[in-house]
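This report concerns only the one structure given below.
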Amino acid sequence: MVIGAEVKRVPEKPKNLELLKKRALAAMEDIAPNETRGKGFAKIIVGDDHALWGNIFADSQIAALVAVNLQGHPENKRREDENLCLLLWSHGWKFYQYVGKVSPYSNDFKETDWMINQRESPRENYVLSSLDDGGENHLSWLCDPKTHTLIPTGWPKDALPSISGNTITFIQRNKKNLVYSIYQLTDQPGKRIVSFHDEILDFDSIKTAISIWDSHLKKMVVWHILSKSHRPGSDVELCSLCKNEEGIDNENFRQDAVIEFTWRKGPDYARAKEYVLWQLSGASSHAINGRWDEEKENGMRIPISAKVTGLPEAVELFTWPKVEKKAE
Amino acid sequence: MCQILRCFAFCVVAFGICSAVFAGDEDLSAKQIEKIEMKSLSLLRDVMPASSPMGFLHKQSRPLKIMKTPEGTVWWGNLFTKEEIVALVNLAPAHEEEPGEHLPRYLSFFAWQKGKWVFRQFLGNVYNLGLNYRNDVPSSFLQGSRRIGRNTGDHLSWYYDVKTGRLIRTHFENWGPFRLAGNYLCLTRGFEAHLHDATIWIYEYKDGRKGEFLARFHSRDDGSSDVVFRDHKSHKMVGWYFNGSYKNGNYENGNPISVNVREIKDIDNLVGAKIRVGDDYDDEESRQIMRGEMVVEGVDYAESIPSAEFFEILTGLNPGLLDTEWQNELSAPPPLKRSNISVTGNPEIVKRFQWPKENHKTP
C-alpha cells in the first residue's frame, strides 16, 4: 500500500447545490450558538437531514456539518448517499463548502456511517465516511483550521484509518483477512512501523503474522504467534513463536520459541498478540486495535510474567519483567 | 402594584414547582427540581427558534427537531399545537452508567415565549420518548419509560391539554406501553422478564378515557396462545387456550391442537396485574367448561398456527389490533379467508370453528 499517493479528489459541483444550501441552512436555522461546545459535538436531526455542530476545527470557530438527504428514507430501497455541506457560524449560519457524498444514516439515525474523529496531540479533527458500496470505499477529510474547510486526506480509499498519538493505522481487507498496518504520522503517514493479520485456524485457534523491519538483518521479517493452550478465563496462556524472513511460507508452523504468560484478571481476547506487537514495535494498544485517541479502551494488557524458552532473540525480546543487563 | 405583580409571579412559580413535584414521582425537593430546570435551560441556550422558519422545505410548517448532546437531548418545534413552540429536555445521567446501572434522566417541558424559553413542567425520570398524534381529542400523546432494574421499570404517558398547555398523565398503562387504534386502547408488556411472550390487553377507548376491558391475547414463545374475552352469549369472562404440537414455535402440520376453554372467575388476574405466565392453563381459580381438539389443515410447516384468526373468530374484534402501530382509524378487516380447521370435542367448540359459515358476522 502506498500512502499519500491517492489523488485528493475535489467533489464535482452538484446540480442541485442551491437546494442543498437551503436544506442545510434550514436544518441549522434554530441553532444560535452562545459559546464553544468544547470537545463534544451536538447532533441535530431535522426530518431526513442531520448535522453535527460544534468546534469542528478544534479552534474557536463554530461550524456545522449537515448531511442533506434528498431521497428521504424509502422502505425496502437502497438509500442514496447523502450530501455533506459545511456551514460556518458568524452572526448567523453561512454556507461555506460542499464537501461531497457520505453514507446515509440508518433510518432511526442510530447508526452513524460518517463521523468526526479526534486526534489528541496535535489536536486535529477528521471526518470519516464509508460510501454505501459494501464499506470498502473509505473517505476521509482533515478539518483544516487554517482554511476552515474540509480537505480530503488522500489516504487510501480501501483502508479504514485511525490515529493514535504519532501513529496511523490502516485496516485493509485483502482476500482472506483484515490487514492492520501501522505507520508513523507527522503531517502525512510516513514510515511503516509494522503490519499484521490474523488467520483463524480452527474454532479457537488464531495465528497472527507480524511483518516488521529487522535492523540487524536489514530485512523484513515475519513473526508468527500461535496460541497453544488457552482456556477462557484462565490466567495462564502458552504461545508458540516462529521467525522467518518475509516471503517464506510457514504453513507448517515451526516452533522457534515458547512464551508462558501469567495474566492478571481481565479481558483475555488477543492479549498475547498485543503484548508481542508492543514488544516488537512499541505500538500502543489503540494503534494495534485501530482505535482513535478519544476512544476508551482498557489500555495495554501487560502480563504479570512472560517466561520465554527457545530462540535467544525471542527470550531477550519477550521476557517479562525485563531483566536489566548488568554493566560489564 | 409592583408588589402585587411580584406576589403573582411568586404564586405562578410556586404553583409550577408544586405541580412539578406531584407530576414527577421521585422524592425530589423543589430545590432539586430547580437545579434540573437550570441544567435543562442551559441545554436550551443554543436553541433559538427562528422567527420565520424555512419550513417550506419540509412537510410541516415547523417540523420536530432533535438535538442530541453529551449533556442530554432536546426535542422542539410545534410539538402539540401550531400556535406554540415548545421543547422537551431530557437530561443525560449524572455520570456514565456502569453495566446494570440505571441512573435517572429527568424530563422537563418548556415553552418559547417572547424570545426565551420558559419552564412549564417537570415530568420526572423518563426517557425513550415517543410522540404520537391522533385526529380526535386529545390529539397529542407523549410516551416514555424508565428502567430501574434488569426486569423492572415502568412506562409513563401524558396527553397534551390544549386549554392549560400542560401535559397530563393518562394513567392508561399499568406497567407497559400502550397504543391507540381506532376506538381501542391496546396495552402491551413492560420490562418484566418474559421477553418472548407477547400479550395485548384491549380496552374500549373514547375521548381520552379508558373504557371496559374487552379481550386479552397472549402468545407464548413455544407457539401456544390464548384469547380471553367476555362471551357474548353467557356474558361471562372466558379463556380459550390453544396448545398444540410445536417445533421452534411453529405448528407441525397435522398434529392436533388441544383447546381448553375455562371460565375466568377472577378477572383482576388478567387485567392490570402482571400476567402469571404459564399458570393460566391450570389456574385453580378458573373452571374448565369445555375441551376439544382441532387440526388446522393446509398450514405449512414453516407457518405458525393462525392465532390472529382465532382471536378474530372468538372476539369479533379486528385482528389489526394485534399490530404494533398507532392507528387513527381501524380499517375494516380484509375479507375472511378461513383456514381449514377440523374440530372434535365439545359441540360449542366445533361450532365456533366450523367453516364455511353462512353470513359470518362478528359476534
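Just remember, in the C-alpha cells the first chain shown is A, the second B, etc., residues are 1-based per chain, and ligands are 1-based in the order shown.
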I'd like a table as JSON lines: residues in chain B with an atom no more than 7 Å from chain A, each row giving the shortest atom pair and its distance in Å to one decimal, only C-alpha atoms counted, sorted by chain and rising residue number.
{"residue": "B:Arg45", "atom": "CA", "partner": "A:Asn34", "partner_atom": "CA", "distance": 6.8}
{"residue": "B:Asp46", "atom": "CA", "partner": "A:Pro33", "partner_atom": "CA", "distance": 4.7}
{"residue": "B:Val47", "atom": "CA", "partner": "A:Ile31", "partner_atom": "CA", "distance": 4.8}
{"residue": "B:Met48", "atom": "CA", "partner": "A:Asp30", "partner_atom": "CA", "distance": 5.0}
{"residue": "B:Pro49", "atom": "CA", "partner": "A:Asp30", "partner_atom": "CA", "distance": 4.3}
{"residue": "B:Ala50", "atom": "CA", "partner": "A:Asp30", "partner_atom": "CA", "distance": 5.2}
{"residue": "B:Met54", "atom": "CA", "partner": "A:Ala26", "partner_atom": "CA", "distance": 5.6}
{"residue": "B:Leu57", "atom": "CA", "partner": "A:Arg23", "partner_atom": "CA", "distance": 6.9}
{"residue": "B:Pro63", "atom": "CA", "partner": "A:Gly47", "partner_atom": "CA", "distance": 7.0}
{"residue": "B:Leu64", "atom": "CA", "partner": "A:Val46", "partner_atom": "CA", "distance": 6.7}
{"residue": "B:Lys65", "atom": "CA", "partner": "A:Val46", "partner_atom": "CA", "distance": 4.9}
{"residue": "B:Ile66", "atom": "CA", "partner": "A:Ile45", "partner_atom": "CA", "distance": 5.0}
{"residue": "B:Met67", "atom": "CA", "partner": "A:Ile44", "partner_atom": "CA", "distance": 4.5}
{"residue": "B:Lys68", "atom": "CA", "partner": "A:Lys43", "partner_atom": "CA", "distance": 4.9}
{"residue": "B:Thr69", "atom": "CA", "partner": "A:Ala42", "partner_atom": "CA", "distance": 4.5}
{"residue": "B:Pro70", "atom": "CA", "partner": "A:Gly40", "partner_atom": "CA", "distance": 6.8}
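Looking only at range 260-316 of chain A, the set that DSSP places in strand (DSSP E) from backbone geometry is Glu260, Phe261, Thr262, Ser305, Ala306, Lys307, Val308, Thr309 and Gly310 of chain A.
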If you count only C-alpha atoms, which residues fall within 8 Å of Glu120 in chain A, apart from same-chain ones fewer than 2 positions away, as an MDAnalysis selection string?
chainID A and resid 118 122:124 164:165 293:294
Mind dumping the selected residues with N, CA and C atoms as an mmCIF file, in the first residue's frame?
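Listed below is the output, out29.cif:
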data_model
loop_
_atom_site.group_PDB
_atom_site.id
_atom_site.type_symbol
_atom_site.label_atom_id
_atom_site.label_comp_id
_atom_site.auth_asym_id
_atom_site.auth_seq_id
_atom_site.Cartn_x
_atom_site.Cartn_y
_atom_site.Cartn_z
ATOM 1 N N GLN A 118 -11.283 12.400 16.495
ATOM 2 C CA GLN A 118 -10.359 13.402 17.017
ATOM 3 C C GLN A 118 -8.984 12.817 17.296
ATOM 4 N N PRO A 122 -1.022 16.594 17.882
ATOM 5 C CA PRO A 122 -1.712 17.869 17.928
ATOM 6 C C PRO A 122 -3.206 17.668 17.731
ATOM 7 N N ARG A 123 -3.996 18.579 18.279
ATOM 8 C CA ARG A 123 -5.437 18.459 18.212
ATOM 9 C C ARG A 123 -5.906 18.656 16.774
ATOM 10 N N GLU A 124 -6.432 17.616 16.195
ATOM 11 C CA GLU A 124 -6.937 17.671 14.815
ATOM 12 C C GLU A 124 -8.201 16.839 14.737
ATOM 13 N N SER A 164 -3.645 7.341 16.528
ATOM 14 C CA SER A 164 -3.369 7.292 17.957
ATOM 15 C C SER A 164 -1.960 7.826 18.167
ATOM 16 N N GLY A 165 -1.855 8.924 18.898
ATOM 17 C CA GLY A 165 -0.543 9.531 19.116
ATOM 18 C C GLY A 165 0.092 9.893 17.788
ATOM 19 N N ASP A 293 -7.601 8.118 19.294
ATOM 20 C CA ASP A 293 -7.185 8.583 20.630
ATOM 21 C C ASP A 293 -8.340 8.666 21.603
ATOM 22 N N GLU A 294 -9.463 9.245 21.096
ATOM 23 C CA GLU A 294 -10.549 9.585 22.023
ATOM 24 C C GLU A 294 -11.328 8.355 22.488
#
Please provide the set of residues having any atom within 8 Å of Arg291 in chain B, restricted to only C-alpha atoms, with same-chain residues fewer than 2 positions apart removed, written as a PyMOL selection string.
chain B and resi 258-261+288-289+293+345-346+349
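Atom pair CA of Ser139 in chain B / CA of Thr81 in chain B: separated by 9.6 Å.
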